[in-house]
file run16.tsv (TSV, C-alpha atoms)
chain	number	residue	atom	x	y	z
A	1	MET	CA	48.78	61.68	106.26
A	2	ASN	CA	47.35	62.31	102.85
A	3	PRO	CA	46.68	65.91	101.86
A	4	GLY	CA	42.94	65.99	101.45
A	5	VAL	CA	41.32	63.19	103.41
A	6	VAL	CA	37.93	62.35	101.91
A	7	ARG	CA	35.15	63.59	104.17
A	8	GLU	CA	31.61	62.36	103.82
A	9	GLU	CA	29.74	65.05	105.76
A	10	PHE	CA	28.29	67.88	103.72
A	11	SER	CA	26.19	70.76	104.98
A	12	ASP	CA	22.43	70.44	104.65
A	13	ASP	CA	22.05	73.97	103.35
A	14	PRO	CA	24.33	74.62	100.38
A	15	GLN	CA	23.32	78.28	100.38
A	16	GLN	CA	25.44	78.70	103.52
A	17	LEU	CA	28.53	77.03	102.11
A	18	GLU	CA	31.82	78.71	101.46
A	19	LEU	CA	32.41	77.40	97.95
A	20	LEU	CA	35.71	77.06	96.11
A	21	ARG	CA	35.88	76.71	92.32
A	22	VAL	CA	36.93	73.14	91.56
A	23	CYS	CA	36.50	72.53	87.83
A	24	ARG	CA	34.89	73.46	84.54
A	25	ILE	CA	33.18	70.71	82.57
A	26	GLY	CA	34.56	70.31	79.07
A	27	ARG	CA	33.79	68.04	76.15
A	28	ALA	CA	31.74	64.87	76.32
A	29	GLN	CA	33.86	61.72	76.51
A	30	GLY	CA	32.19	58.76	74.83
A	31	LEU	CA	28.49	58.01	74.88
A	32	LYS	CA	27.82	57.10	78.52
A	33	GLY	CA	27.86	60.51	80.17
A	34	GLU	CA	31.55	60.88	80.97
A	35	VAL	CA	32.98	64.37	80.62
A	36	THR	CA	36.48	65.84	80.61
A	37	VAL	CA	37.07	68.58	83.15
A	38	GLN	CA	39.49	71.45	83.49
A	39	SER	CA	40.66	71.22	87.09
A	40	PHE	CA	41.24	74.32	89.24
A	41	THR	CA	41.98	72.41	92.46
A	42	ASP	CA	45.35	71.38	93.89
A	43	GLU	CA	43.75	68.28	95.41
A	44	PRO	CA	41.91	66.58	92.53
A	45	GLU	CA	42.15	63.07	94.03
A	46	TYR	CA	40.07	64.34	96.95
A	47	ARG	CA	37.65	66.54	95.03
A	48	PHE	CA	36.95	63.96	92.30
A	49	ALA	CA	36.74	60.88	94.55
A	50	PRO	CA	33.58	58.77	94.08
A	51	GLY	CA	30.82	60.12	96.28
A	52	SER	CA	32.20	63.67	96.38
A	53	VAL	CA	29.59	66.39	95.95
A	54	LEU	CA	30.18	69.43	93.76
A	55	TYR	CA	27.79	72.35	93.37
A	56	THR	CA	26.82	74.95	90.83
A	57	ARG	CA	27.92	78.47	91.79
A	58	ASP	CA	24.71	79.36	93.63
A	59	GLY	CA	24.65	76.02	95.44
A	60	SER	CA	21.25	75.13	93.97
A	61	GLU	CA	22.33	72.00	92.06
A	62	GLU	CA	24.47	69.11	93.22
A	63	TYR	CA	26.70	66.96	91.04
A	64	VAL	CA	27.80	63.73	92.71
A	65	VAL	CA	30.94	62.03	91.37
A	66	GLU	CA	30.14	58.43	90.37
A	67	ARG	CA	33.65	57.61	89.19
A	68	SER	CA	36.73	59.39	87.89
A	69	ARG	CA	39.96	58.60	86.09
A	70	THR	CA	42.89	60.40	84.54
A	71	PHE	CA	44.04	60.16	80.95
A	72	LYS	CA	46.99	62.12	79.56
A	73	ASN	CA	46.93	64.57	82.49
A	74	ARG	CA	43.21	65.23	82.09
A	75	TRP	CA	40.49	64.18	84.48
A	76	ILE	CA	37.52	62.31	83.04
A	77	ILE	CA	34.52	62.17	85.36
A	78	LYS	CA	31.16	60.40	85.38
A	79	PHE	CA	28.59	62.28	87.44
A	80	GLU	CA	25.53	60.42	88.73
A	81	SER	CA	23.12	62.85	87.06
A	82	ILE	CA	24.78	62.79	83.61
A	83	ASN	CA	24.01	59.50	81.89
A	84	ASP	CA	24.26	60.02	78.14
A	85	ARG	CA	26.08	62.07	75.55
A	86	ASP	CA	23.27	64.62	75.24
A	87	ALA	CA	23.42	65.39	78.95
A	88	SER	CA	27.21	65.56	78.97
A	89	GLU	CA	27.22	67.92	75.96
A	90	ALA	CA	24.62	70.11	77.68
A	91	ALA	CA	26.89	70.44	80.70
A	92	ASN	CA	29.84	71.71	78.63
A	93	GLY	CA	31.21	74.91	80.17
A	94	LEU	CA	29.51	74.46	83.54
A	95	GLU	CA	31.71	75.45	86.46
A	96	LEU	CA	31.41	73.39	89.63
A	97	TYR	CA	32.37	74.30	93.17
A	98	GLY	CA	33.23	72.37	96.33
A	99	GLU	CA	32.98	73.13	100.01
A	100	ALA	CA	35.94	74.77	101.67
A	101	ASP	CA	37.19	72.45	104.39
A	102	ASP	CA	37.08	73.53	108.00
A	103	PRO	CA	40.74	73.99	109.09
A	104	GLU	CA	39.97	72.52	112.52
A	105	ASP	CA	38.55	69.34	110.96
A	106	MET	CA	41.54	69.04	108.68
A	107	LEU	CA	43.95	69.25	111.62
A	108	GLU	CA	42.05	66.50	113.45
A	109	GLU	CA	42.19	64.30	110.38
A	110	ASP	CA	45.88	64.94	109.63
A	111	ALA	CA	44.89	66.49	106.30
A	112	TRP	CA	47.01	69.27	104.88
A	113	TYR	CA	46.77	71.63	101.97
A	114	PRO	CA	50.00	71.79	99.92
A	115	LYS	CA	50.11	75.56	100.41
A	116	ASP	CA	50.28	74.98	104.19
A	117	LEU	CA	53.40	72.84	103.85
A	118	ILE	CA	55.39	74.96	101.41
A	119	GLY	CA	57.83	77.17	103.28
A	120	LEU	CA	58.04	75.00	106.42
A	121	GLU	CA	61.51	74.44	107.83
A	122	VAL	CA	62.53	70.79	107.87
A	123	ARG	CA	64.22	69.59	111.07
A	124	LEU	CA	65.43	66.18	112.16
A	125	ALA	CA	63.08	64.39	114.54
A	126	GLU	CA	64.00	63.27	118.03
A	127	ASP	CA	65.49	59.77	118.20
A	128	ASN	CA	65.89	59.77	114.42
A	129	GLY	CA	67.23	56.62	112.81
A	130	LEU	CA	70.42	58.35	111.67
A	131	GLY	CA	71.44	59.15	115.24
A	132	LEU	CA	71.87	62.84	114.43
A	133	PRO	CA	70.94	65.73	116.77
A	134	ALA	CA	67.20	66.43	117.07
A	135	GLY	CA	66.24	69.78	115.60
A	136	GLN	CA	69.13	69.88	113.12
A	137	VAL	CA	67.88	71.88	110.13
A	138	VAL	CA	67.76	69.83	106.94
A	139	GLY	CA	66.22	72.46	104.66
A	140	LYS	CA	62.90	73.96	103.63
A	141	VAL	CA	59.84	72.59	101.82
A	142	VAL	CA	59.66	74.32	98.43
A	143	ASP	CA	57.04	72.19	96.65
A	144	VAL	CA	54.54	69.37	97.11
A	145	LEU	CA	54.35	66.90	94.23
A	146	ASP	CA	51.13	64.94	93.90
A	147	GLY	CA	50.94	61.55	92.32
A	148	PHE	CA	50.42	57.99	93.53
A	149	GLN	CA	52.15	59.21	96.68
A	150	SER	CA	52.65	62.82	97.73
A	151	LEU	CA	56.28	63.95	97.83
A	152	LEU	CA	57.77	66.92	99.63
A	153	LYS	CA	60.51	68.69	97.69
A	154	VAL	CA	63.04	69.91	100.24
A	155	ARG	CA	65.69	72.50	99.37
A	156	LEU	CA	68.73	71.42	101.36
A	157	ALA	CA	70.20	73.78	103.93
A	158	ASN	CA	73.62	72.28	103.13
A	159	PRO	CA	73.77	71.49	99.41
A	160	VAL	CA	76.08	68.65	98.46
A	161	ARG	CA	79.16	69.87	96.60
A	162	ASP	CA	81.62	68.08	94.40
A	163	ALA	CA	84.71	67.43	96.52
A	164	GLN	CA	87.05	68.45	93.71
A	165	THR	CA	85.32	71.32	91.93
A	166	GLY	CA	83.19	72.65	94.76
A	167	GLU	CA	80.17	72.80	92.43
A	168	VAL	CA	76.74	72.07	93.89
A	169	ILE	CA	75.61	68.63	92.70
A	170	GLU	CA	72.62	68.03	95.01
A	171	LYS	CA	70.54	70.96	96.22
A	172	SER	CA	67.18	69.30	96.93
A	173	ALA	CA	65.66	65.98	97.96
A	174	LEU	CA	62.24	64.34	97.56
A	175	VAL	CA	60.67	62.98	100.75
A	176	PRO	CA	57.57	60.71	100.69
A	177	PHE	CA	54.87	62.44	102.73
A	178	VAL	CA	54.09	59.59	105.15
A	179	ASP	CA	53.80	59.40	108.93
A	180	GLU	CA	56.89	57.24	109.34
A	181	LEU	CA	59.14	59.84	107.69
A	182	VAL	CA	57.32	63.04	108.71
A	183	PRO	CA	56.17	62.41	112.30
A	184	ASP	CA	55.30	65.98	113.31
A	185	ILE	CA	54.01	69.13	111.62
A	186	ASP	CA	53.74	72.42	113.51
A	187	LEU	CA	52.21	75.05	111.24
A	188	GLU	CA	52.21	77.74	113.94
A	189	ALA	CA	55.92	77.29	114.63
A	190	GLY	CA	56.64	76.91	110.91
A	191	TYR	CA	58.40	73.57	110.81
A	192	LEU	CA	58.00	69.84	110.33
A	193	THR	CA	60.19	67.02	111.58
A	194	LEU	CA	61.84	64.34	109.51
A	195	ASP	CA	63.03	60.86	110.39
A	196	PRO	CA	64.78	59.87	107.15
A	197	PRO	CA	66.37	56.53	106.34
A	198	GLY	CA	70.00	56.58	105.33
A	199	GLY	CA	70.51	57.78	101.77
A	200	LEU	CA	67.22	59.69	101.48
A	201	ILE	CA	68.76	63.09	102.23
A	202	PRO	CA	72.02	63.73	100.37
A	203	GLY	CA	74.83	64.68	102.72
A	204	LEU	CA	73.30	63.21	105.89

call {"tool": "encode", "arguments": {"input": "run16.tsv", "output": "structure tokens"}}
result
Amino acid sequence: MNPGVVREEFSDDPQQLELLRVCRIGRAQGLKGEVTVQSFTDEPEYRFAPGSVLYTRDGSEEYVVERSRTFKNRWIIKFESINDRDASEAANGLELYGEADDPEDMLEEDAWYPKDLIGLEVRLAEDNGLGLPAGQVVGKVVDVLDGFQSLLKVRLANPVRDAQTGEVIEKSALVPFVDELVPDIDLEAGYLTLDPPGGLIPGL
């Protein structure tokens, strides 16, 4: 259940696309056509995956990602059509756009935008491993952290307090965004379910 499943199908007519700004090409990186980019997307692993197609604003030119990597929080990308330093310097400042995903396709593929998940109520799943009542409210998703594995930041409905002072010592928890732990997501009803192992959620 990765946010942003790589899709291979692209429309034949880019003029008809709904395009979202993805990045602006920056300085040349080395001599072999790599460029740094300023990313405007919240799903760079998807947008910059090898084989992904990005477009100029009018959709007339395609830039296909050959490979990509990160270095010090910056993305460095090699596009198939940029093969030397002259070409990469010429592309400096170019803004590239990607297709907006069809929400229906994303639902079928279990792909989610982070903005869809933030604000969802977190409830315990049926038959959860902790043996607690199904539907018990754990908290609310307040952020989605992307990295090697996506993590949901959940603000706890019942913060953990110090037994002696009463001060809040745990008010949120990080939950790996995987099928085993997050079995169901219902955007219309505004909640997701959680089947956490012991110790993942403070206070449970």

call {"tool": "residues_around", "arguments": {"input": "run16.tsv", "residues": "segment 156-171 of chain A", "least_positions_apart": "5", "cutoff": "12 Å", "atoms": "all atoms listed in the file", "output": "PDB file with C-alpha atoms, keeping the file's coordinate frame"}}
result
ATOM      1  CA  GLU A 121      61.510  74.440 107.830  1.00  0.00           C
ATOM      2  CA  VAL A 122      62.530  70.790 107.870  1.00  0.00           C
ATOM      3  CA  ARG A 123      64.220  69.590 111.070  1.00  0.00           C
ATOM      4  CA  GLN A 136      69.130  69.880 113.120  1.00  0.00           C
ATOM      5  CA  VAL A 137      67.880  71.880 110.130  1.00  0.00           C
ATOM      6  CA  VAL A 138      67.760  69.830 106.940  1.00  0.00           C
ATOM      7  CA  GLY A 139      66.220  72.460 104.660  1.00  0.00           C
ATOM      8  CA  LYS A 140      62.900  73.960 103.630  1.00  0.00           C
ATOM      9  CA  VAL A 141      59.840  72.590 101.820  1.00  0.00           C
ATOM     10  CA  VAL A 142      59.660  74.320  98.430  1.00  0.00           C
ATOM     11  CA  LEU A 200      67.220  59.690 101.480  1.00  0.00           C
ATOM     12  CA  ILE A 201      68.760  63.090 102.230  1.00  0.00           C
ATOM     13  CA  PRO A 202      72.020  63.730 100.370  1.00  0.00           C
ATOM     14  CA  GLY A 203      74.830  64.680 102.720  1.00  0.00           C
ATOM     15  CA  LEU A 204      73.300  63.210 105.890  1.00  0.00           C
TER      16      LEU A 204
END

call {"tool": "atom_distance", "arguments": {"input": "run16.tsv", "atom1": "atom CA of Pro44 of chain A", "atom2": "atom CA of Asp146 of chain A"}}
result
9.5 Å

call {"tool": "residues_around", "arguments": {"input": "run16.tsv", "residues": "Lys78 of chain A", "least_positions_apart": "5", "cutoff": "12 Å", "atoms": "only C-alpha atoms", "output": "PyMOL selection string"}}
result
chain A and resi 25+28-37+48-52+63-70+83-85+87-88+91

call {"tool": "write_last_selection", "arguments": {"input": "run16.tsv", "atoms": "C-alpha atoms", "output": "PDB file, in the frame of the given file"}}
result
ATOM      1  CA  ILE A  25      33.180  70.710  82.570  1.00  0.00           C
ATOM      2  CA  ALA A  28      31.740  64.870  76.320  1.00  0.00           C
ATOM      3  CA  GLN A  29      33.860  61.720  76.510  1.00  0.00           C
ATOM      4  CA  GLY A  30      32.190  58.760  74.830  1.00  0.00           C
ATOM      5  CA  LEU A  31      28.490  58.010  74.880  1.00  0.00           C
ATOM      6  CA  LYS A  32      27.820  57.100  78.520  1.00  0.00           C
ATOM      7  CA  GLY A  33      27.860  60.510  80.170  1.00  0.00           C
ATOM      8  CA  GLU A  34      31.550  60.880  80.970  1.00  0.00           C
ATOM      9  CA  VAL A  35      32.980  64.370  80.620  1.00  0.00           C
ATOM     10  CA  THR A  36      36.480  65.840  80.610  1.00  0.00           C
ATOM     11  CA  VAL A  37      37.070  68.580  83.150  1.00  0.00           C
ATOM     12  CA  PHE A  48      36.950  63.960  92.300  1.00  0.00           C
ATOM     13  CA  ALA A  49      36.740  60.880  94.550  1.00  0.00           C
ATOM     14  CA  PRO A  50      33.580  58.770  94.080  1.00  0.00           C
ATOM     15  CA  GLY A  51      30.820  60.120  96.280  1.00  0.00           C
ATOM     16  CA  SER A  52      32.200  63.670  96.380  1.00  0.00           C
ATOM     17  CA  TYR A  63      26.700  66.960  91.040  1.00  0.00           C
ATOM     18  CA  VAL A  64      27.800  63.730  92.710  1.00  0.00           C
ATOM     19  CA  VAL A  65      30.940  62.030  91.370  1.00  0.00           C
ATOM     20  CA  GLU A  66      30.140  58.430  90.370  1.00  0.00           C
ATOM     21  CA  ARG A  67      33.650  57.610  89.190  1.00  0.00           C
ATOM     22  CA  SER A  68      36.730  59.390  87.890  1.00  0.00           C
ATOM     23  CA  ARG A  69      39.960  58.600  86.090  1.00  0.00           C
ATOM     24  CA  THR A  70      42.890  60.400  84.540  1.00  0.00           C
ATOM     25  CA  ASN A  83      24.010  59.500  81.890  1.00  0.00           C
ATOM     26  CA  ASP A  84      24.260  60.020  78.140  1.00  0.00           C
ATOM     27  CA  ARG A  85      26.080  62.070  75.550  1.00  0.00           C
ATOM     28  CA  ALA A  87      23.420  65.390  78.950  1.00  0.00           C
ATOM     29  CA  SER A  88      27.210  65.560  78.970  1.00  0.00           C
ATOM     30  CA  ALA A  91      26.890  70.440  80.700  1.00  0.00           C
TER      31      ALA A  91
END

call {"tool": "closest_residue", "arguments": {"input": "run16.tsv", "among": "A:Ile77, A:Leu174, A:Ile82, A:Val53", "to": "Tyr97 of chain A", "atoms": "all atoms listed in the file"}}
result
A:Val53

call {"tool": "atom_distance", "arguments": {"input": "run16.tsv", "atom1": "atom CA of Glu18 of chain A", "atom2": "atom CA of Leu192 of chain A"}}
result
29.0 Å

call {"tool": "closest_residue", "arguments": {"input": "run16.tsv", "among": "A:Ser60, A:Asp184, A:Ala173, A:Leu54", "to": "Glu80 of chain A", "atoms": "all atoms listed in the file"}}
result
A:Leu54

call {"tool": "atom_distance", "arguments": {"input": "run16.tsv", "atom1": "atom CA of Tyr113 of chain A", "atom2": "atom CA of Leu194 of chain A"}}
result
18.4 Å

call {"tool": "closest_residue", "arguments": {"input": "run16.tsv", "among": "A:Leu20, A:Ile76, A:Leu132, A:Leu120", "to": "Leu96 of chain A", "atoms": "only C-alpha atoms"}}
result
A:Leu20

call {"tool": "closest_residue", "arguments": {"input": "run16.tsv", "among": "A:Glu61, A:Asp116, A:Asp86, A:Asp101", "to": "Leu187 of chain A", "atoms": "only C-alpha atoms"}}
result
A:Asp116

call {"tool": "closest_residue", "arguments": {"input": "run16.tsv", "among": "A:Leu151, A:Pro133, A:Val178, A:Glu62", "to": "Phe79 of chain A", "atoms": "all atoms listed in the file"}}
result
A:Glu62

call {"tool": "closest_residue", "arguments": {"input": "run16.tsv", "among": "A:Arg57, A:Thr193, A:Leu130, A:Pro114", "to": "Glu180 of chain A", "atoms": "all atoms listed in the file"}}
result
A:Thr193

call {"tool": "residues_around", "arguments": {"input": "run16.tsv", "residues": "Lys115 of chain A", "least_positions_apart": "6", "cutoff": "10 Å", "atoms": "all atoms listed in the file", "output": "PyMOL selection string"}}
result
chain A and resi 42+142-144

call {"tool": "write_last_selection", "arguments": {"input": "run16.tsv", "atoms": "C-alpha atoms", "output": "mmCIF file, in the frame of the given file"}}
result
data_model
loop_
_atom_site.group_PDB
_atom_site.id
_atom_site.type_symbol
_atom_site.label_atom_id
_atom_site.label_comp_id
_atom_site.auth_asym_id
_atom_site.auth_seq_id
_atom_site.Cartn_x
_atom_site.Cartn_y
_atom_site.Cartn_z
ATOM 1 C CA ASP A 42 45.350 71.380 93.890
ATOM 2 C CA VAL A 142 59.660 74.320 98.430
ATOM 3 C CA ASP A 143 57.040 72.190 96.650
ATOM 4 C CA VAL A 144 54.540 69.370 97.110
#

call {"tool": "decode", "arguments": {"input": "run16.tsv", "residues": "segment 142-167 of chain A", "atoms": "N, CA and C atoms", "output": "PDB file, in the first residue's frame"}}
result
ATOM      1  N   VAL A 142      -2.034  12.963  11.498  1.00  0.00           N
ATOM      2  CA  VAL A 142      -1.700  14.387  11.387  1.00  0.00           C
ATOM      3  C   VAL A 142      -0.576  14.642  10.387  1.00  0.00           C
ATOM      4  N   ASP A 143       0.114  13.568   9.935  1.00  0.00           N
ATOM      5  CA  ASP A 143       1.184  13.760   8.958  1.00  0.00           C
ATOM      6  C   ASP A 143       1.518  12.414   8.332  1.00  0.00           C
ATOM      7  N   VAL A 144       2.107  12.471   7.137  1.00  0.00           N
ATOM      8  CA  VAL A 144       2.620  11.278   6.470  1.00  0.00           C
ATOM      9  C   VAL A 144       4.086  11.534   6.172  1.00  0.00           C
ATOM     10  N   LEU A 145       4.959  10.718   6.726  1.00  0.00           N
ATOM     11  CA  LEU A 145       6.397  10.901   6.573  1.00  0.00           C
ATOM     12  C   LEU A 145       6.911   9.926   5.535  1.00  0.00           C
ATOM     13  N   ASP A 146       7.533  10.462   4.482  1.00  0.00           N
ATOM     14  CA  ASP A 146       8.044   9.611   3.417  1.00  0.00           C
ATOM     15  C   ASP A 146       9.512   9.331   3.622  1.00  0.00           C
ATOM     16  N   GLY A 147       9.890   8.121   3.339  1.00  0.00           N
ATOM     17  CA  GLY A 147      11.286   7.733   3.413  1.00  0.00           C
ATOM     18  C   GLY A 147      11.402   6.364   2.796  1.00  0.00           C
ATOM     19  N   PHE A 148      12.286   5.519   3.321  1.00  0.00           N
ATOM     20  CA  PHE A 148      12.377   4.145   2.831  1.00  0.00           C
ATOM     21  C   PHE A 148      11.030   3.463   2.966  1.00  0.00           C
ATOM     22  N   GLN A 149      10.318   3.798   4.035  1.00  0.00           N
ATOM     23  CA  GLN A 149       8.965   3.283   4.252  1.00  0.00           C
ATOM     24  C   GLN A 149       8.101   4.446   4.728  1.00  0.00           C
ATOM     25  N   SER A 150       6.886   4.558   4.180  1.00  0.00           N
ATOM     26  CA  SER A 150       6.003   5.635   4.615  1.00  0.00           C
ATOM     27  C   SER A 150       5.512   5.372   6.034  1.00  0.00           C
ATOM     28  N   LEU A 151       5.451   6.435   6.822  1.00  0.00           N
ATOM     29  CA  LEU A 151       4.983   6.346   8.204  1.00  0.00           C
ATOM     30  C   LEU A 151       3.826   7.307   8.409  1.00  0.00           C
ATOM     31  N   LEU A 152       2.794   6.838   9.103  1.00  0.00           N
ATOM     32  CA  LEU A 152       1.692   7.708   9.482  1.00  0.00           C
ATOM     33  C   LEU A 152       1.972   8.239  10.889  1.00  0.00           C
ATOM     34  N   LYS A 153       1.918   9.565  11.040  1.00  0.00           N
ATOM     35  CA  LYS A 153       2.039  10.147  12.367  1.00  0.00           C
ATOM     36  C   LYS A 153       0.633  10.300  12.936  1.00  0.00           C
ATOM     37  N   VAL A 154       0.392   9.620  14.046  1.00  0.00           N
ATOM     38  CA  VAL A 154      -0.946   9.593  14.641  1.00  0.00           C
ATOM     39  C   VAL A 154      -0.921  10.362  15.962  1.00  0.00           C
ATOM     40  N   ARG A 155      -1.768  11.386  16.057  1.00  0.00           N
ATOM     41  CA  ARG A 155      -1.928  12.097  17.328  1.00  0.00           C
ATOM     42  C   ARG A 155      -2.886  11.280  18.185  1.00  0.00           C
ATOM     43  N   LEU A 156      -2.412  10.868  19.349  1.00  0.00           N
ATOM     44  CA  LEU A 156      -3.180   9.955  20.188  1.00  0.00           C
ATOM     45  C   LEU A 156      -4.411  10.620  20.791  1.00  0.00           C
ATOM     46  N   ALA A 157      -5.529   9.880  20.760  1.00  0.00           N
ATOM     47  CA  ALA A 157      -6.753  10.376  21.388  1.00  0.00           C
ATOM     48  C   ALA A 157      -6.587  10.419  22.903  1.00  0.00           C
ATOM     49  N   ASN A 158      -5.788   9.496  23.437  1.00  0.00           N
ATOM     50  CA  ASN A 158      -5.521   9.449  24.878  1.00  0.00           C
ATOM     51  C   ASN A 158      -4.020   9.543  25.105  1.00  0.00           C
ATOM     52  N   PRO A 159      -3.483  10.759  25.175  1.00  0.00           N
ATOM     53  CA  PRO A 159      -2.041  10.914  25.380  1.00  0.00           C
ATOM     54  C   PRO A 159      -1.591  10.215  26.660  1.00  0.00           C
ATOM     55  N   VAL A 160      -0.374   9.701  26.632  1.00  0.00           N
ATOM     56  CA  VAL A 160       0.161   9.021  27.807  1.00  0.00           C
ATOM     57  C   VAL A 160       0.724  10.074  28.761  1.00  0.00           C
ATOM     58  N   ARG A 161       0.302   9.985  30.019  1.00  0.00           N
ATOM     59  CA  ARG A 161       0.736  10.963  31.023  1.00  0.00           C
ATOM     60  C   ARG A 161       1.627  10.305  32.069  1.00  0.00           C
ATOM     61  N   ASP A 162       2.512  11.099  32.604  1.00  0.00           N
ATOM     62  CA  ASP A 162       3.357  10.634  33.699  1.00  0.00           C
ATOM     63  C   ASP A 162       2.463  10.368  34.918  1.00  0.00           C
ATOM     64  N   ALA A 163       2.624   9.178  35.487  1.00  0.00           N
ATOM     65  CA  ALA A 163       1.740   8.774  36.590  1.00  0.00           C
ATOM     66  C   ALA A 163       1.878   9.687  37.800  1.00  0.00           C
ATOM     67  N   GLN A 164       3.052  10.272  37.970  1.00  0.00           N
ATOM     68  CA  GLN A 164       3.260  11.104  39.160  1.00  0.00           C
ATOM     69  C   GLN A 164       2.931  12.568  38.914  1.00  0.00           C
ATOM     70  N   THR A 165       3.407  13.108  37.805  1.00  0.00           N
ATOM     71  CA  THR A 165       3.217  14.548  37.566  1.00  0.00           C
ATOM     72  C   THR A 165       1.972  14.863  36.752  1.00  0.00           C
ATOM     73  N   GLY A 166       1.492  13.863  36.013  1.00  0.00           N
ATOM     74  CA  GLY A 166       0.327  14.118  35.165  1.00  0.00           C
ATOM     75  C   GLY A 166       0.680  14.789  33.846  1.00  0.00           C
ATOM     76  N   GLU A 167       1.972  15.057  33.609  1.00  0.00           N
ATOM     77  CA  GLU A 167       2.384  15.697  32.367  1.00  0.00           C
ATOM     78  C   GLU A 167       2.311  14.706  31.207  1.00  0.00           C
TER      79      GLU A 167
END
